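*Asks:* Could you have a look at this structure, given as structure tokens, before my questions?
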Amino acid sequence: MGRGRPLPLGATPMPDGVNFSLICRHGTAVWLVLGEPCDHGFETEIPLDALANRTGDHWHVRVEGLPEEFCYGYRVDGPSGGGYRFDPGVILLDPYARALSCGRPWGAQSDVPRRSIVNEAMVEREGVVSPRIPLEDTIIYELHVRGYTIDPSSGVRRPGTFGGLAEKLDYLQWLGVTAVELLPVDEFDENDCAFVNPFTGERLKNFWGYNTIAFSAPKAAYASNPGRMEVWEEFCELVDVFHRGGVEVILDIVFNHTAEGGDNGPTYSFRGLDNPLYYMLDDRGNYLNYSGCGNTLSSDNPVVRNFLLTCLSNWVAEAGVDGFRFDLASVLGRDRRGNVLVDPPAINRISEDALLHGTKLIAEPWDAAGLYQVGTFPGGGRWADWNGRYRDDVRRFWRGEPGLTSALATRLCGSDDLYTGRGPLHSINFLSCHDGFTLADLVSYDQKHNEANGEGNHDGNDANLSWNCGVEGPTDDPVVNRLRARQVRNLMTTLLVSQGVPMILAGDEFLRTQGGNNNAWCQDNETSWVDWSLGEKNGGFLRFVHRMIALRKAHPVFRRRTFFTGADSGLPPEILWHGEEPVRPDFSASSQALAFALDGRRCDRPGIVDRDFYVAMNAGGRALEFKIPASPSGRPWRRLVDTSRPSPDDFLETDQGPEIPVLYSYLVESHSLIILESAE
């Protein structure tokens, strides 16, 4: 043994042994414990001397002669009460650990605790260069690693794993998405759910995984060999496979709380290492709960900020991930007592970090205590937002609420009311995500149906802004089903012709349903799993989504980098608003219809002339005649899309649709839209 070095933090193999370094400010005694992977006990315990093995708040030691693979942890003693929760009887994980021992298949129970581990998986590697897709060309696809391929219908060799997801690259390329956004893939305990399905008596799982145990360790249960050391290798290979195929990988990161929960939660690391340092506490030492999960990380503390940056850096440097979506990101803008900061240092650190430069940073710009920062999230031009206003306004319009045409127009333009001074690319537009109704359920249910979650249907959001089209849930009524088919086409089309960055929930492209459950965080079953047979059953809609994505990717008029300038620029307007009559949009309180035309000559790409497009939307209950205006550039129109028509007539081949004369009265059916495309 030697004194060791205070940096780097964590367990680091070096030529003269393994260096261990840990931050603990208020602890009075620290022991390093060492042992074999998956053993109940530890073979060696090393007390650290408070003088020889401490520099500042860093406790450190160097140990020679260790095997290639071993487990380690810490015991820490210190004061009690007043927010301190030291317990020398508990062996703690190293927050900087990049792997945990004794990985198990998903859902497997064991009385052997998980420990921090060092093995040859930490060898440096060179990954495949990222495709580095510009934000304006990005189409995000949100998915759950296990749920995407665990159903037998997925047909993959390694279902429910990183490797199984890699097998779906060909499909994702065909669909046309450019980035996958993965629900949490760091270590969490899927067995920590306390609820029981009241219908089956089954103990439920923490399926989503928003309850992190180790922030820099990939989840072993998502690997094909969870008990061995290849977890990092398999995750990195997934990223490499996607990069070779031109698809980026974005990780959903949970920096607002940890799995240690509130007063009665388990102790994994932070609580036992230095509770007042890592968590927000009140004057009496009680947890402040801005996350809704019992505790809130104190990201305003410099030590915690450095830790969070290290975690992000590991994912980028080790695996080459392309960006992050931050769960309840507004928590990062609060100080240690929960006050909202004007210039939050944690967000600034992430924004300005040199290694993260060029990665995509996406905020869920609200928290569980009511802070709502859509359009006002700090961090300057570095961050994009999940635009909850976009989701709500588009849902309300298409479920038939009158007076939404003005709001809809603003959302179609990239929400310039929210992102003034920035640009449309700061708006992540979405209509459904993991949290809430799927697209199919959005048009099939008026109310949530979360009874299987075991909370008496009290969980989940009651404000879904959905419309069941006349019948709650599945129906054989052909009139209702035709209406639902129009509605999902309307919603998906609106998403893909809007300025900003679209995000699609996995399975929405072939109408995956959760049976009206809008909070399926604990449903590790057919409720949450992707049923790939729906791709054949709902093949017409899958074709439609595929074609709509291709249309967006082919035409920069839908992917502007800047806001529309309007008539004040002295040039012809890039977008012209219409109603049932040309240049007479109806923004009144009773309006349920809107039309617009995009000028392909003004697509904010120097030297590029795109086609013109005309879109007419009718969310009302009766058909309307829209008198077709001349295209902005004078080129003739052809019909491309009509969501009232059955597949394949709903989306025609380019230049193959019927010509639509100027001033022709086109009957846009109720609850439908049309797209006309000009000649080149």
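By order in the structure tokens, chains are A, B, ...; within a chain, residues start at 1; ligands start at 1, following the order shown.
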Can you pull out every residue within 6 Å of A:Ile674, counting only C-alpha atoms, but drop anything in the same chain fewer than 3 positions away, and send it as a list in words?
*Replies:* Val615, Ala616, Val641 and Asp642 of chain A
*Asks:* Which is closest to A:Asn286 among A:Gly83, A:Glu142, A:Thr161, A:Asp192, if we use only C-alpha atoms?
*Replies:*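 Using only C-alpha atoms, the shortest distance to A:Asn286 belongs to A:Gly83.
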*Asks:* Return the single residue from A:Thr562, A:Asn481, A:Ser444, A:Thr44 that is closest to A:Arg512, with distances computed using only C-alpha atoms.
*Replies:*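 Of the candidates, the smallest distance to A:Arg512 is held by A:Ser444.
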*Asks:* Tell me, as a ChimeraX atom specification, which residues lie within 8 Å of A:Arg62, counting only C-alpha atoms; anything in the same chain fewer than 2 positions away does not count.
*Replies:* /A:1-5,17-20,60,64
*Asks:* As a ChimeraX atom specification, please: all residues of stretch 31-277 of chain A that backbone DSSP puts in helix (DSSP H, G or I).
*Replies:* /A:120-122,135-137,145-149,152-154,162-166,169-175,220-222,231-244,270-277
*Asks:* When you count only C-alpha atoms, which of these residues is closest to A:Trp398: A:Arg611, A:His671, A:Arg638, A:Arg125?
*Replies:*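 Once distances to A:Trp398 are computed over only C-alpha atoms, the minimum belongs to A:His671.
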*Asks:* Could you tell me which of A:Ile350, A:Leu425, A:Cys24, A:Met503 comes closest to A:Ala50 if we count only C-alpha atoms?
*Replies:* A:Cys24
*Asks:* Please indicate the distance in Å from atom CA of A:Leu175 to atom CA of A:Ile140, rounded to one decimal place.
*Replies:*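 So the answer is 11.5 Å.
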*Asks:* Would you give me, as a VMD selection string, the residues in stretch 461-666 of chain A that DSSP reads as strand (DSSP E)?
*Replies:* chain A and resid 501 to 505 575 to 578 593 to 598 613 to 618 624 to 627 637 to 642 659 to 660 665 to 666
*Asks:* Which residues, written as a PDB file with N, CA and C atoms, in the first residue's frame, have at least one atom at most 9 Å from A:Val530, with only C-alpha atoms counted and residues fewer than 6 positions away on the same chain left out?
*Replies:*
ATOM      1  N   GLY A 147     -37.932  -2.564 -23.548  1.00  0.00           N
ATOM      2  CA  GLY A 147     -39.269  -2.627 -24.112  1.00  0.00           C
ATOM      3  C   GLY A 147     -39.299  -2.682 -25.620  1.00  0.00           C
ATOM      4  N   TYR A 148     -38.244  -2.200 -26.270  1.00  0.00           N
ATOM      5  CA  TYR A 148     -38.251  -2.119 -27.734  1.00  0.00           C
ATOM      6  C   TYR A 148     -38.131  -3.497 -28.387  1.00  0.00           C
ATOM      7  N   THR A 149     -37.405  -4.423 -27.744  1.00  0.00           N
ATOM      8  CA  THR A 149     -37.168  -5.710 -28.415  1.00  0.00           C
ATOM      9  C   THR A 149     -37.510  -6.928 -27.574  1.00  0.00           C
ATOM     10  N   ILE A 150     -38.021  -6.761 -26.337  1.00  0.00           N
ATOM     11  CA  ILE A 150     -38.239  -7.927 -25.487  1.00  0.00           C
ATOM     12  C   ILE A 150     -39.422  -8.766 -25.947  1.00  0.00           C
ATOM     13  N   ASP A 151     -40.394  -8.174 -26.620  1.00  0.00           N
ATOM     14  CA  ASP A 151     -41.530  -8.950 -27.105  1.00  0.00           C
ATOM     15  C   ASP A 151     -41.052  -9.923 -28.193  1.00  0.00           C
ATOM     16  N   SER A 153     -42.266 -10.780 -30.810  1.00  0.00           N
ATOM     17  CA  SER A 153     -42.535 -10.293 -32.168  1.00  0.00           C
ATOM     18  C   SER A 153     -41.382  -9.474 -32.726  1.00  0.00           C
ATOM     19  N   SER A 154     -40.424  -9.062 -31.874  1.00  0.00           N
ATOM     20  CA  SER A 154     -39.300  -8.254 -32.378  1.00  0.00           C
ATOM     21  C   SER A 154     -38.397  -9.070 -33.288  1.00  0.00           C
ATOM     22  N   ALA A 506     -41.377   5.686 -29.803  1.00  0.00           N
ATOM     23  CA  ALA A 506     -41.224   4.386 -30.456  1.00  0.00           C
ATOM     24  C   ALA A 506     -42.540   3.622 -30.455  1.00  0.00           C
ATOM     25  N   GLY A 507     -42.901   3.103 -31.603  1.00  0.00           N
ATOM     26  CA  GLY A 507     -44.140   2.349 -31.765  1.00  0.00           C
ATOM     27  C   GLY A 507     -45.309   3.176 -32.217  1.00  0.00           C
ATOM     28  N   ARG A 512     -48.831   1.658 -31.547  1.00  0.00           N
ATOM     29  CA  ARG A 512     -48.723   0.897 -30.303  1.00  0.00           C
ATOM     30  C   ARG A 512     -49.667   1.500 -29.266  1.00  0.00           C
ATOM     31  N   THR A 513     -50.333   0.641 -28.503  1.00  0.00           N
ATOM     32  CA  THR A 513     -51.256   1.103 -27.469  1.00  0.00           C
ATOM     33  C   THR A 513     -50.804   0.629 -26.104  1.00  0.00           C
TER      34      THR A 513
END
*Asks:* List as a PDB file with all heavy atoms, in the first residue's frame the protein and nucleic acid residues near A:Tyr278, meaning an atom at most 7 Å away when only C-alpha atoms are counted, but skip any in the same chain fewer than 6 places from it.
*Replies:*
ATOM      1  N   PHE A 270     -24.423   8.166  -1.736  1.00  0.00           N
ATOM      2  CA  PHE A 270     -24.403   9.584  -1.387  1.00  0.00           C
ATOM      3  C   PHE A 270     -24.862   9.848   0.051  1.00  0.00           C
ATOM      4  O   PHE A 270     -24.264  10.628   0.772  1.00  0.00           O
ATOM      5  CB  PHE A 270     -25.283  10.381  -2.346  1.00  0.00           C
ATOM      6  CG  PHE A 270     -24.896  10.232  -3.782  1.00  0.00           C
ATOM      7  CD1 PHE A 270     -25.673   9.488  -4.652  1.00  0.00           C
ATOM      8  CD2 PHE A 270     -23.752  10.836  -4.271  1.00  0.00           C
ATOM      9  CE1 PHE A 270     -25.318   9.345  -5.976  1.00  0.00           C
ATOM     10  CE2 PHE A 270     -23.385  10.710  -5.600  1.00  0.00           C
ATOM     11  CZ  PHE A 270     -24.169   9.955  -6.453  1.00  0.00           C
ATOM     12  N   LEU A 297     -30.882  16.188  -5.700  1.00  0.00           N
ATOM     13  CA  LEU A 297     -29.438  16.409  -5.718  1.00  0.00           C
ATOM     14  C   LEU A 297     -29.124  17.898  -5.640  1.00  0.00           C
ATOM     15  O   LEU A 297     -29.789  18.718  -6.283  1.00  0.00           O
ATOM     16  CB  LEU A 297     -28.816  15.819  -6.982  1.00  0.00           C
ATOM     17  CG  LEU A 297     -28.442  14.343  -6.942  1.00  0.00           C
ATOM     18  CD1 LEU A 297     -28.024  13.869  -8.320  1.00  0.00           C
ATOM     19  CD2 LEU A 297     -27.325  14.084  -5.936  1.00  0.00           C
ATOM     20  N   SER A 298     -28.093  18.228  -4.885  1.00  0.00           N
ATOM     21  CA  SER A 298     -27.696  19.627  -4.707  1.00  0.00           C
ATOM     22  C   SER A 298     -26.701  20.020  -5.795  1.00  0.00           C
ATOM     23  O   SER A 298     -25.500  20.151  -5.561  1.00  0.00           O
ATOM     24  CB  SER A 298     -27.071  19.825  -3.324  1.00  0.00           C
ATOM     25  OG  SER A 298     -26.745  21.176  -3.105  1.00  0.00           O
ATOM     26  N   VAL A 304     -20.785  18.494  -6.323  1.00  0.00           N
ATOM     27  CA  VAL A 304     -21.803  17.768  -7.074  1.00  0.00           C
ATOM     28  C   VAL A 304     -21.740  18.144  -8.554  1.00  0.00           C
ATOM     29  O   VAL A 304     -21.866  17.280  -9.432  1.00  0.00           O
ATOM     30  CB  VAL A 304     -23.207  18.033  -6.492  1.00  0.00           C
ATOM     31  CG1 VAL A 304     -24.271  17.263  -7.259  1.00  0.00           C
ATOM     32  CG2 VAL A 304     -23.246  17.654  -5.013  1.00  0.00           C
TER      33      VAL A 304
END
